[in-house]
>>> print(open('run38.txt').read())   # compact mmCIF, C-alpha atoms
# COMPACT_ATOMS: atom_id res chain seq x y z
CA GLY B 1 61.97 142.38 219.70
CA ARG B 2 58.57 144.02 219.59
CA ALA B 3 57.15 141.03 221.51
CA VAL B 4 59.78 141.38 224.18
CA ALA B 5 59.02 145.08 224.48
CA ARG B 6 55.32 144.37 224.81
CA VAL B 7 56.02 141.82 227.55
CA GLY B 8 58.26 144.28 229.42
CA THR B 9 55.60 146.99 229.18
CA ALA B 10 52.98 144.61 230.52
CA GLU B 11 55.23 143.59 233.45
CA ARG B 12 55.77 147.23 234.41
CA SER B 13 52.05 147.88 234.19
CA ASN B 14 51.29 144.88 236.41
CA ALA B 15 53.95 145.93 238.94
CA GLN B 16 52.53 149.43 239.17
CA SER B 17 49.03 148.12 239.69
CA ALA B 18 50.36 145.81 242.42
CA GLN B 19 51.73 148.74 244.52
CA PRO B 20 49.67 149.22 247.70
CA ALA B 21 47.39 152.21 247.60
CA SER B 22 48.32 155.15 249.85
CA ARG B 23 46.33 155.39 253.03
CA PRO B 24 43.53 157.90 252.66
CA LYS B 25 44.32 161.24 254.19
CA PRO B 26 42.33 162.14 257.29
CA GLY B 27 39.59 164.64 256.78
CA VAL B 28 39.93 168.25 257.79
CA PRO B 29 37.29 170.72 258.97
CA GLU B 30 35.37 172.49 256.25
CA GLY B 31 37.00 175.81 255.55
CA THR B 32 40.56 174.60 256.11
CA PRO B 33 42.74 176.46 253.59
CA VAL B 34 44.51 174.50 250.85
CA VAL B 35 48.18 175.44 250.89
CA LYS B 36 51.40 174.24 249.34
CA PRO B 37 53.58 172.48 251.98
CA GLN B 38 56.34 174.69 253.34
CA ASP B 39 59.85 173.83 252.18
CA LEU B 40 61.15 172.96 255.66
CA PRO B 41 64.16 170.64 255.98
CA SER B 42 63.67 170.58 259.77
CA ARG B 43 60.31 169.97 261.37
CA PRO B 44 60.75 169.47 265.15
CA ARG B 45 57.19 168.17 265.46
CA ARG B 46 58.22 164.96 263.69
CA ASN B 47 59.93 163.91 266.93
CA ARG B 48 56.80 164.58 268.97
CA ARG B 49 54.33 162.60 266.91
CA SER B 50 53.79 159.65 269.28
CA GLU B 51 54.22 158.73 272.92
CA THR B 52 56.80 156.13 271.86
CA PHE B 53 58.90 158.80 270.16
CA ARG B 54 58.40 161.33 272.97
CA SER B 55 59.36 158.88 275.72
CA ALA B 56 62.39 157.62 273.76
CA MET B 57 63.76 161.15 273.38
CA ARG B 58 62.77 162.54 276.79
CA GLU B 59 65.61 164.53 278.34
CA SER B 60 64.52 164.77 281.99
CA PHE B 61 63.04 162.23 284.37
CA VAL B 62 61.63 162.43 287.87
CA SER B 63 61.09 159.57 290.28
CA PRO B 64 60.31 159.15 293.99
CA SER B 65 64.05 158.70 294.61
CA ASN B 66 64.46 162.42 293.84
CA PHE B 67 62.07 163.43 296.64
CA ILE B 68 62.83 164.49 300.22
CA LEU B 69 59.67 164.37 302.35
CA PRO B 70 59.31 167.18 304.93
CA LEU B 71 57.90 166.05 308.27
CA PHE B 72 56.30 168.42 310.78
CA ILE B 73 56.47 166.79 314.22
CA HIS B 74 54.81 167.66 317.54
CA ASP B 75 54.56 165.93 320.91
CA GLU B 76 51.75 167.88 322.56
CA SER B 77 49.24 165.04 322.05
CA ASP B 78 48.96 161.65 320.36
CA LYS B 79 46.85 163.09 317.51
CA ASN B 80 47.95 164.45 314.16
CA VAL B 81 47.07 168.14 313.82
CA PRO B 82 45.89 169.42 310.42
CA ILE B 83 47.56 172.57 309.10
CA ALA B 84 44.76 174.79 307.80
CA SER B 85 46.85 176.63 305.22
CA MET B 86 48.30 173.36 303.85
CA PRO B 87 45.36 171.02 303.09
CA GLY B 88 46.34 167.39 303.48
CA ILE B 89 49.43 168.15 305.59
CA PHE B 90 49.61 167.51 309.34
CA ARG B 91 51.82 168.03 312.32
CA LEU B 92 52.49 164.37 313.01
CA ALA B 93 52.28 163.16 316.58
CA TYR B 94 55.65 161.88 317.74
CA GLY B 95 55.79 158.10 317.86
CA LYS B 96 53.76 155.57 315.87
CA ASN B 97 52.13 158.20 313.65
CA VAL B 98 55.52 159.38 312.42
CA VAL B 99 56.73 155.83 311.85
CA ASP B 100 53.56 154.88 309.92
CA HIS B 101 53.81 157.97 307.72
CA VAL B 102 57.43 157.27 306.85
CA ALA B 103 56.65 153.59 306.23
CA GLU B 104 54.05 154.64 303.66
CA ALA B 105 56.55 156.94 301.96
CA ARG B 106 59.15 154.16 301.83
CA SER B 107 56.62 151.78 300.27
CA LEU B 108 56.35 154.28 297.40
CA GLY B 109 60.11 154.62 296.88
CA ILE B 110 60.70 157.73 299.01
CA ASN B 111 63.59 157.07 301.37
CA GLN B 112 64.63 160.59 302.38
CA VAL B 113 62.95 162.79 305.00
CA VAL B 114 63.70 166.13 306.62
CA ILE B 115 62.53 166.85 310.17
CA PHE B 116 60.88 170.09 311.34
CA PRO B 117 59.86 170.05 315.02
CA LYS B 118 57.05 172.16 316.48
CA THR B 119 58.57 173.45 319.71
CA PRO B 120 56.14 174.31 322.54
CA ASP B 121 56.22 177.99 323.49
CA HIS B 122 57.39 177.28 327.03
CA LEU B 123 60.62 175.80 325.66
CA LYS B 124 61.42 178.79 323.44
CA THR B 125 63.96 181.37 324.61
CA PRO B 126 65.72 184.36 323.00
CA THR B 127 68.89 182.26 322.67
CA ALA B 128 67.15 179.04 321.60
CA GLU B 129 69.15 176.54 323.69
CA GLU B 130 66.44 173.93 323.09
CA ALA B 131 67.93 173.57 319.59
CA PHE B 132 70.76 171.45 320.97
CA ASN B 133 68.92 169.64 323.74
CA PRO B 134 70.01 165.98 323.31
CA ASP B 135 66.48 164.92 324.29
CA GLY B 136 64.74 167.56 322.19
CA LEU B 137 61.93 166.63 319.81
CA SER B 138 64.13 166.74 316.73
CA GLN B 139 66.80 164.55 318.31
CA ARG B 140 64.23 162.04 319.60
CA THR B 141 62.60 161.86 316.16
CA ILE B 142 65.95 161.19 314.49
CA ARG B 143 66.64 158.32 316.89
CA LEU B 144 63.13 156.94 316.46
CA LEU B 145 63.39 156.85 312.67
CA LYS B 146 66.95 155.55 312.47
CA ASP B 147 66.13 152.76 314.95
CA LYS B 148 63.11 151.73 312.90
CA PHE B 149 64.56 152.30 309.42
CA PRO B 150 68.37 152.15 309.55
CA ASP B 151 68.76 152.80 305.81
CA LEU B 152 66.47 155.86 305.83
CA GLU B 153 68.30 159.08 304.93
CA VAL B 154 67.39 161.57 307.65
CA TYR B 155 67.98 165.28 307.03
CA THR B 156 67.64 167.93 309.71
CA ASP B 157 66.99 171.64 309.80
CA VAL B 158 69.80 173.71 311.36
CA ALA B 159 68.40 177.10 312.40
CA LEU B 160 67.21 178.70 315.61
CA ASP B 161 63.76 179.98 314.59
CA PRO B 162 61.74 176.93 315.77
CA TYR B 163 63.27 177.40 319.23
CA ASN B 164 63.68 181.18 319.34
CA SER B 165 61.02 183.14 321.22
CA ASP B 166 61.73 186.06 318.87
CA GLY B 167 60.97 183.94 315.79
CA HIS B 168 64.29 184.53 314.02
CA ASP B 169 66.90 182.14 312.66
CA GLY B 170 69.53 183.83 314.81
CA ILE B 171 69.93 185.54 318.16
CA VAL B 172 68.42 189.04 318.14
CA ARG B 173 70.32 191.89 319.77
CA ASP B 174 68.22 194.49 321.62
CA ASP B 175 68.61 196.98 318.76
CA GLY B 176 67.24 194.46 316.25
CA VAL B 177 70.53 193.22 314.77
CA ILE B 178 70.67 189.47 314.13
CA LEU B 179 73.98 188.32 315.61
CA ASN B 180 75.98 186.30 313.10
CA ASP B 181 78.98 184.69 314.78
CA GLU B 182 77.23 184.09 318.11
CA THR B 183 74.38 182.40 316.25
CA VAL B 184 76.82 180.20 314.33
CA GLU B 185 78.24 178.91 317.62
CA TYR B 186 74.80 177.63 318.61
CA LEU B 187 74.15 176.26 315.11
CA CYS B 188 77.29 174.16 315.49
CA ARG B 189 76.05 172.79 318.82
CA GLN B 190 72.69 172.05 317.20
CA ALA B 191 74.21 170.19 314.25
CA VAL B 192 76.51 168.13 316.47
CA SER B 193 73.58 167.15 318.71
CA GLN B 194 71.65 166.05 315.61
CA ALA B 195 74.62 164.03 314.39
CA HIS B 196 74.89 162.32 317.79
CA ALA B 197 71.21 161.37 317.42
CA GLY B 198 71.93 159.72 314.05
CA ALA B 199 71.27 162.38 311.40
CA ASP B 200 72.70 161.62 307.98
CA VAL B 201 72.54 165.18 306.61
CA VAL B 202 72.41 168.48 308.51
CA SER B 203 70.83 171.34 306.60
CA PRO B 204 71.63 174.91 307.67
CA SER B 205 68.70 177.10 306.62
CA ASP B 206 69.72 180.12 308.69
CA MET B 207 71.71 182.08 306.05
CA MET B 208 74.37 183.23 308.54
CA ASP B 209 77.75 184.01 306.97
CA GLY B 210 80.43 181.35 307.38
CA ARG B 211 78.21 178.75 308.95
CA VAL B 212 79.04 175.91 306.54
CA ALA B 213 82.78 176.03 307.35
CA CYS B 214 82.07 176.15 311.09
CA LEU B 215 79.58 173.28 310.89
CA ARG B 216 82.03 171.16 308.92
CA ALA B 217 84.79 171.80 311.44
CA ALA B 218 82.50 171.08 314.40
CA LEU B 219 81.21 167.84 312.91
CA ASP B 220 84.67 166.63 311.97
CA ARG B 221 86.04 167.53 315.40
CA GLU B 222 83.38 165.25 316.97
CA GLY B 223 84.16 162.41 314.55
CA PHE B 224 81.16 162.91 312.23
CA THR B 225 83.17 163.09 309.02
CA ASN B 226 80.50 161.09 307.15
CA VAL B 227 77.62 163.41 308.07
CA SER B 228 76.78 165.53 305.04
CA ILE B 229 75.87 169.22 304.86
CA MET B 230 73.03 170.33 302.61
CA SER B 231 73.28 174.11 302.66
CA TYR B 232 70.37 176.41 301.95
CA THR B 233 72.74 178.29 299.66
CA ALA B 234 70.28 180.64 297.96
CA LYS B 235 67.40 181.10 300.38
CA TYR B 236 65.36 184.15 299.47
CA ALA B 237 63.33 186.42 301.74
CA SER B 238 60.18 185.19 300.08
CA ALA B 239 56.46 185.73 300.58
CA TYR B 240 55.89 182.02 299.88
CA TYR B 241 56.81 180.78 303.36
CA GLY B 242 53.62 181.80 305.18
CA PRO B 243 52.01 178.35 305.62
CA PHE B 244 55.30 176.86 306.88
CA ARG B 245 55.44 179.46 309.62
CA ASP B 246 51.85 178.57 310.50
CA ALA B 247 52.89 174.92 310.77
CA LEU B 248 55.68 175.64 313.26
CA ALA B 249 54.43 178.91 314.78
CA SER B 250 57.85 180.33 313.94
CA ALA B 251 57.10 183.74 312.45
CA PRO B 252 58.96 186.79 313.86
CA LYS B 253 57.28 188.18 316.97
CA PRO B 254 56.42 191.84 317.71
CA GLY B 255 59.04 193.89 319.50
CA SER B 256 58.65 195.86 322.71
CA GLU B 257 59.43 199.35 323.96
CA HIS B 258 63.00 198.45 324.91
CA ARG B 259 63.64 195.71 322.38
CA VAL B 260 63.51 195.82 318.58
CA ILE B 261 62.59 192.61 316.75
CA PRO B 262 62.78 192.86 312.95
CA PRO B 263 59.40 192.07 311.37
CA ASN B 264 61.06 190.10 308.54
CA LYS B 265 64.25 188.22 307.70
CA LYS B 266 65.60 190.49 305.00
CA THR B 267 68.93 191.23 306.72
CA TYR B 268 70.05 187.62 306.29
CA GLN B 269 67.90 185.97 303.62
CA MET B 270 68.52 187.01 300.02
CA ASP B 271 66.73 189.77 298.14
CA PRO B 272 64.29 188.24 295.59
CA ALA B 273 65.55 190.79 293.04
CA ASN B 274 69.09 189.36 293.07
CA TYR B 275 70.56 186.73 290.77
CA ARG B 276 74.31 187.36 290.69
CA GLU B 277 74.44 187.41 294.49
CA ALA B 278 73.62 183.70 294.44
CA LEU B 279 76.93 183.09 292.67
CA ARG B 280 78.74 184.54 295.66
CA GLU B 281 76.84 182.22 297.99
CA ILE B 282 77.56 179.23 295.72
CA ARG B 283 81.27 179.90 295.72
CA ALA B 284 81.36 180.39 299.49
CA ASP B 285 79.42 177.21 300.29
CA GLU B 286 81.45 175.10 297.90
CA PHE B 287 84.70 176.43 299.36
CA GLU B 288 83.48 175.92 302.95
CA GLY B 289 82.63 172.25 302.41
CA ALA B 290 78.94 171.93 301.51
CA ASP B 291 78.00 168.56 300.02
CA ILE B 292 74.67 169.65 298.53
CA MET B 293 73.41 173.16 297.72
CA MET B 294 69.79 174.27 297.76
CA VAL B 295 67.61 176.96 296.22
CA LYS B 296 64.50 178.05 298.13
CA PRO B 297 61.73 178.70 297.03
CA GLY B 298 61.39 176.58 293.90
CA MET B 299 59.16 177.54 290.98
CA PRO B 300 59.75 181.32 291.11
CA TYR B 301 63.53 180.70 291.22
CA LEU B 302 64.14 178.16 288.44
CA ASP B 303 66.63 180.58 286.87
CA VAL B 304 68.72 180.35 290.06
CA VAL B 305 68.47 176.54 290.03
CA ARG B 306 69.79 176.52 286.48
CA MET B 307 72.56 178.95 287.35
CA MET B 308 73.58 176.80 290.34
CA ARG B 309 73.63 173.68 288.16
CA ASP B 310 75.80 175.42 285.55
CA ASN B 311 78.27 176.78 288.09
CA SER B 312 78.87 173.85 290.41
CA SER B 313 79.53 170.13 290.22
CA LEU B 314 77.79 169.61 293.59
CA PRO B 315 74.31 168.08 293.75
CA VAL B 316 71.54 170.69 293.64
CA ALA B 317 68.38 170.60 295.75
CA VAL B 318 65.29 172.75 295.43
CA TYR B 319 62.55 173.37 297.98
CA HIS B 320 58.98 173.37 296.63
CA VAL B 321 57.82 175.48 299.54
CA SER B 322 54.59 175.67 301.52
CA GLY B 323 53.17 178.63 299.61
CA GLU B 324 53.70 176.88 296.29
CA TYR B 325 51.98 173.79 297.68
CA ALA B 326 49.07 175.86 299.02
CA MET B 327 48.59 177.65 295.69
CA LEU B 328 48.33 174.38 293.77
CA LYS B 329 45.97 172.90 296.38
CA ALA B 330 43.72 175.95 296.33
CA ALA B 331 43.49 176.02 292.53
CA ALA B 332 42.83 172.27 292.39
CA GLU B 333 40.11 172.46 295.05
CA ARG B 334 38.32 175.07 292.94
CA GLY B 335 38.63 172.99 289.79
CA TRP B 336 40.92 175.52 288.13
CA LEU B 337 43.79 173.08 287.62
CA ASN B 338 44.23 169.37 287.07
CA GLU B 339 46.18 168.80 290.29
CA LYS B 340 48.02 165.68 289.21
CA ASP B 341 49.16 167.09 285.88
CA ALA B 342 50.15 170.45 287.35
CA VAL B 343 52.13 168.90 290.22
CA LEU B 344 53.99 166.41 288.05
CA GLU B 345 54.79 169.19 285.58
CA ALA B 346 56.20 171.24 288.46
CA MET B 347 58.36 168.30 289.60
CA MET B 348 59.63 167.79 286.05
CA SER B 349 60.43 171.49 285.73
CA PHE B 350 62.70 171.25 288.78
CA ARG B 351 64.56 168.34 287.22
CA ARG B 352 64.76 170.08 283.84
CA ALA B 353 66.22 173.17 285.51
CA GLY B 354 68.96 171.00 287.02
CA ALA B 355 67.80 169.91 290.48
CA ASP B 356 68.84 166.48 291.71
CA LEU B 357 66.74 166.57 294.90
CA ILE B 358 63.28 168.02 295.46
CA LEU B 359 61.88 168.82 298.91
CA THR B 360 58.13 168.80 298.42
CA TYR B 361 55.00 168.30 300.50
CA TYR B 362 53.59 166.53 297.45
CA SER B 363 56.14 163.70 297.76
CA ILE B 364 53.66 160.97 298.70
CA GLU B 365 50.88 162.08 296.37
CA ALA B 366 53.27 162.51 293.45
CA ALA B 367 54.79 159.08 294.07
CA LYS B 368 51.31 157.52 294.09
CA TRP B 369 50.45 159.21 290.79
CA MET B 370 53.71 158.00 289.27
CA ALA B 371 53.03 154.44 290.46
CA GLY B 372 49.53 154.60 288.93
CA ASP B 373 50.93 155.79 285.60
CA ARG B 374 53.44 152.92 285.58
CA MET B 375 50.69 150.40 286.24
CA ASN B 376 48.55 151.84 283.45
CA ARG B 377 51.42 151.51 280.98
CA LEU B 378 51.75 147.82 281.90
CA LEU B 379 48.07 147.05 281.31
>>> encode(input="run38.txt", output="structure tokens")
Amino acid sequence: GRAVARVGTAERSNAQSAQPASRPKPGVPEGTPVVKPQDLPSRPRRNRRSETFRSAMRESFVSPSNFILPLFIHDESDKNVPIASMPGIFRLAYGKNVVDHVAEARSLGINQVVIFPKTPDHLKTPTAEEAFNPDGLSQRTIRLLKDKFPDLEVYTDVALDPYNSDGHDGIVRDDGVILNDETVEYLCRQAVSQAHAGADVVSPSDMMDGRVACLRAALDREGFTNVSIMSYTAKYASAYYGPFRDALASAPKPGSEHRVIPPNKKTYQMDPANYREALREIRADEFEGADIMMVKPGMPYLDVVRMMRDNSSLPVAVYHVSGEYAMLKAAAERGWLNEKDAVLEAMMSFRRAGADLILTYYSIEAAKWMAGDRMNRLL
């Protein structure tokens, strides 16, 4: 019996000596305190310890298919015109330059664009009839792109400011009041003319009351039941739009002795201080027949994006506006930010907040960065 016991003891001793040694612990800087491990049943950092774990558990994703590329178009020459306050962005010359730019975007997986025409001053009037000219720049650009790329999703801007000599989204009465219902009549004509040209989605950015219902009725009456409406549901009277107005020369103009022109758009765009008011706009647009709802601007209004997502089953869009773009460009040019990382973080934040679609001037650059990251993971 004692022999058996001695054999058993020897076997246990051999088994213990055969256990692999623990990996040596990494060194720590001199002066690191020695502490007893905390008694924590939950340590969230365990799920962040490697890229494999982080990517497997990632909750939000962004891809070029989420992007809508804004296009500034002009027909005053055959040259692209740089926009000083938006480095890297141009007014594209109507024709081949527009087609080439969109072809590049499509090669990167971006198949949605929104058109913003630069209207020459001599075509602007106080009532903005150029907005529904069937041969206007916007309408010609829609036809050009749909003829070249039939499966391209073309969005349009529905508002009078690019065509209005007063620089407002609506018709301005002599005492400075922006006329609502009269403006909506012309917005309907504008949207129908865009639909006739081949637009897939009309996007009222004007913030007039009741315009979504009127647009839906006008489109349906003309047989365009499949043309969607992306409403600028919560568009704020923001300071971040400055470079956009430079791009289209569409800022409000000074008044005159006998005519008041409001210096801003605060009587129709939303107050940046308001959150609950967006709920009222959401409910109205959903009831009136919007297919997609938008928040504009983007980063400063992520709380509104989240609120829209939580209060509607409709797709949500967000506009990463010109001022946000210019801020990132300026910081990157000075070496204050890693541009790629900051931009992709911004895009992810929109998706995390609940946006399905992102209008951004960074669409092409962001798509290129994403493609590069995918290639690096394959190497």
>>> residues_around(input="run38.txt", residues="range 249-254 of chain B", least_positions_apart="5", cutoff="9 Å", atoms="only C-alpha atoms", output="list in words")
Lys118, Thr119, Asp121, Asp161, Pro162, Tyr163, Asn164, Ser165, Asp166, Gly167, His168, Gly242, Phe244, Val260, Ile261, Pro262, Pro263, Asn264 and Lys265 of chain B
>>> closest_residue(input="run38.txt", among="B:Met86, B:Ala346, B:Ala195, B:Val99", to="Met327 in chain B", atoms="all atoms listed in the file")
B:Met86
>>> closest_residue(input="run38.txt", among="B:Leu328, B:Leu92, B:Leu187, B:Met57", to="Ile73 in chain B", atoms="all atoms listed in the file")
B:Leu92
>>> closest_residue(input="run38.txt", among="B:Ser55, B:Asn376, B:Ser322, B:Ser138", to="Ala239 in chain B", atoms="all atoms listed in the file")
B:Ser322
>>> atom_distance(input="run38.txt", atom1="CA of Asn111 in chain B", atom2="CA of Phe67 in chain B")
8.1 Å
>>> closest_residue(input="run38.txt", among="B:Ser107, B:Leu152, B:Pro315, B:Gly323", to="Asp246 in chain B", atoms="only C-alpha atoms")
B:Gly323
>>> closest_residue(input="run38.txt", among="B:Asp220, B:Asp373, B:Asp200, B:Asp206", to="Ile178 in chain B", atoms="all atoms listed in the file")
B:Asp206
>>> residues_around(input="run38.txt", residues="Leu279 in chain B", least_positions_apart="5", cutoff="9 Å", atoms="only C-alpha atoms", output="ChimeraX atom specification")
/B:234,284,307-308,311
>>> atom_distance(input="run38.txt", atom1="CA of Asp181 in chain B", atom2="CA of Glu129 in chain B")
15.6 Å
>>> atom_distance(input="run38.txt", atom1="CA of His74 in chain B", atom2="CA of Tyr232 in chain B")
23.7 Å
>>> residues_around(input="run38.txt", residues="His196 in chain B", least_positions_apart="2", cutoff="12 Å", atoms="all atoms listed in the file", output="ChimeraX atom specification")
/B:132-135,138-140,142-143,146,189-194,198-202,219,222-224,227
>>> closest_residue(input="run38.txt", among="B:Ala103, B:Ala371, B:Ile83, B:Met270", to="Pro243 in chain B", atoms="all atoms listed in the file")
B:Ile83
>>> residues_around(input="run38.txt", residues="Ala273 in chain B", least_positions_apart="6", cutoff="12 Å", atoms="only C-alpha atoms", output="ChimeraX atom specification")
/B:236-238,266,300-301,303-304
>>> residues_around(input="run38.txt", residues="Gly95 in chain B", least_positions_apart="5", cutoff="9 Å", atoms="only C-alpha atoms", output="ChimeraX atom specification")
/B:75,78,100,141,144
>>> write_last_selection(input="run38.txt", atoms="C-alpha atoms", output="PDB file, keeping the file's coordinate frame")
ATOM      1  CA  ASP B  75      54.560 165.930 320.910  1.00  0.00           C
ATOM      2  CA  ASP B  78      48.960 161.650 320.360  1.00  0.00           C
ATOM      3  CA  ASP B 100      53.560 154.880 309.920  1.00  0.00           C
ATOM      4  CA  THR B 141      62.600 161.860 316.160  1.00  0.00           C
ATOM      5  CA  LEU B 144      63.130 156.940 316.460  1.00  0.00           C
TER       6      LEU B 144
END
>>> axis_aligned_box(input="run38.txt", around="range 64-75 of chain B", padding_each_side="3 Å", output="AutoDock Vina command-line options")
--center_x 59.5 --center_y 163.6 --center_z 307.4 --size_x 15.9 --size_y 15.7 --size_z 33.1
>>> decode(input="run38.txt", residues="range 237-253 of chain B", atoms="N, CA, C and O atoms", output="tab-separated table (two decimals), in the first residue's frame")
chain	number	residue	atom	x	y	z
B	237	ALA	N	-31.90	77.62	-37.83
B	237	ALA	CA	-31.34	78.90	-38.26
B	237	ALA	C	-29.92	79.00	-37.71
B	237	ALA	O	-29.65	79.64	-36.69
B	238	SER	N	-29.02	78.35	-38.39
B	238	SER	CA	-27.68	78.08	-37.87
B	238	SER	C	-26.63	79.03	-38.45
B	238	SER	O	-26.76	79.52	-39.57
B	239	ALA	N	-25.57	79.22	-37.67
B	239	ALA	CA	-24.42	80.00	-38.14
B	239	ALA	C	-23.48	79.17	-39.00
B	239	ALA	O	-22.50	79.71	-39.53
B	240	TYR	N	-23.77	77.88	-39.16
B	240	TYR	CA	-22.86	76.98	-39.86
B	240	TYR	C	-23.08	76.93	-41.37
B	240	TYR	O	-22.44	76.14	-42.05
B	241	TYR	N	-23.96	77.75	-41.90
B	241	TYR	CA	-24.27	77.69	-43.33
B	241	TYR	C	-23.47	78.66	-44.19
B	241	TYR	O	-23.64	78.68	-45.41
B	242	GLY	N	-22.62	79.46	-43.59
B	242	GLY	CA	-21.94	80.52	-44.32
B	242	GLY	C	-21.27	80.10	-45.60
B	242	GLY	O	-21.49	80.70	-46.67
B	243	PRO	N	-20.41	79.06	-45.61
B	243	PRO	CA	-19.73	78.68	-46.85
B	243	PRO	C	-20.68	78.23	-47.95
B	243	PRO	O	-20.43	78.47	-49.13
B	244	PHE	N	-21.79	77.59	-47.58
B	244	PHE	CA	-22.79	77.17	-48.57
B	244	PHE	C	-23.34	78.40	-49.30
B	244	PHE	O	-23.50	78.40	-50.52
B	245	ARG	N	-23.64	79.43	-48.54
B	245	ARG	CA	-24.19	80.64	-49.17
B	245	ARG	C	-23.15	81.32	-50.04
B	245	ARG	O	-23.49	81.97	-51.04
B	246	ASP	N	-21.87	81.17	-49.69
B	246	ASP	CA	-20.81	81.64	-50.60
B	246	ASP	C	-20.85	80.85	-51.90
B	246	ASP	O	-20.69	81.41	-52.99
B	247	ALA	N	-21.06	79.54	-51.79
B	247	ALA	CA	-21.01	78.67	-52.96
B	247	ALA	C	-22.09	79.02	-53.97
B	247	ALA	O	-21.89	78.93	-55.18
B	248	LEU	N	-23.28	79.41	-53.47
B	248	LEU	CA	-24.40	79.68	-54.36
B	248	LEU	C	-24.77	81.16	-54.43
B	248	LEU	O	-25.72	81.52	-55.12
B	249	ALA	N	-24.03	82.00	-53.70
B	249	ALA	CA	-24.35	83.43	-53.64
B	249	ALA	C	-25.83	83.62	-53.31
B	249	ALA	O	-26.55	84.36	-53.99
B	250	SER	N	-26.28	82.94	-52.24
B	250	SER	CA	-27.71	82.91	-51.94
B	250	SER	C	-28.04	83.51	-50.57
B	250	SER	O	-29.11	83.24	-50.03
B	251	ALA	N	-27.14	84.30	-50.01
B	251	ALA	CA	-27.43	84.92	-48.72
B	251	ALA	C	-28.48	86.02	-48.88
B	251	ALA	O	-28.60	86.63	-49.96
B	252	PRO	N	-29.26	86.31	-47.81
B	252	PRO	CA	-30.23	87.41	-47.89
B	252	PRO	C	-29.56	88.72	-48.28
B	252	PRO	O	-28.46	89.04	-47.83
B	253	LYS	N	-30.26	89.49	-49.11
B	253	LYS	CA	-29.72	90.76	-49.61
B	253	LYS	C	-30.19	91.92	-48.73
B	253	LYS	O	-31.19	91.81	-48.01
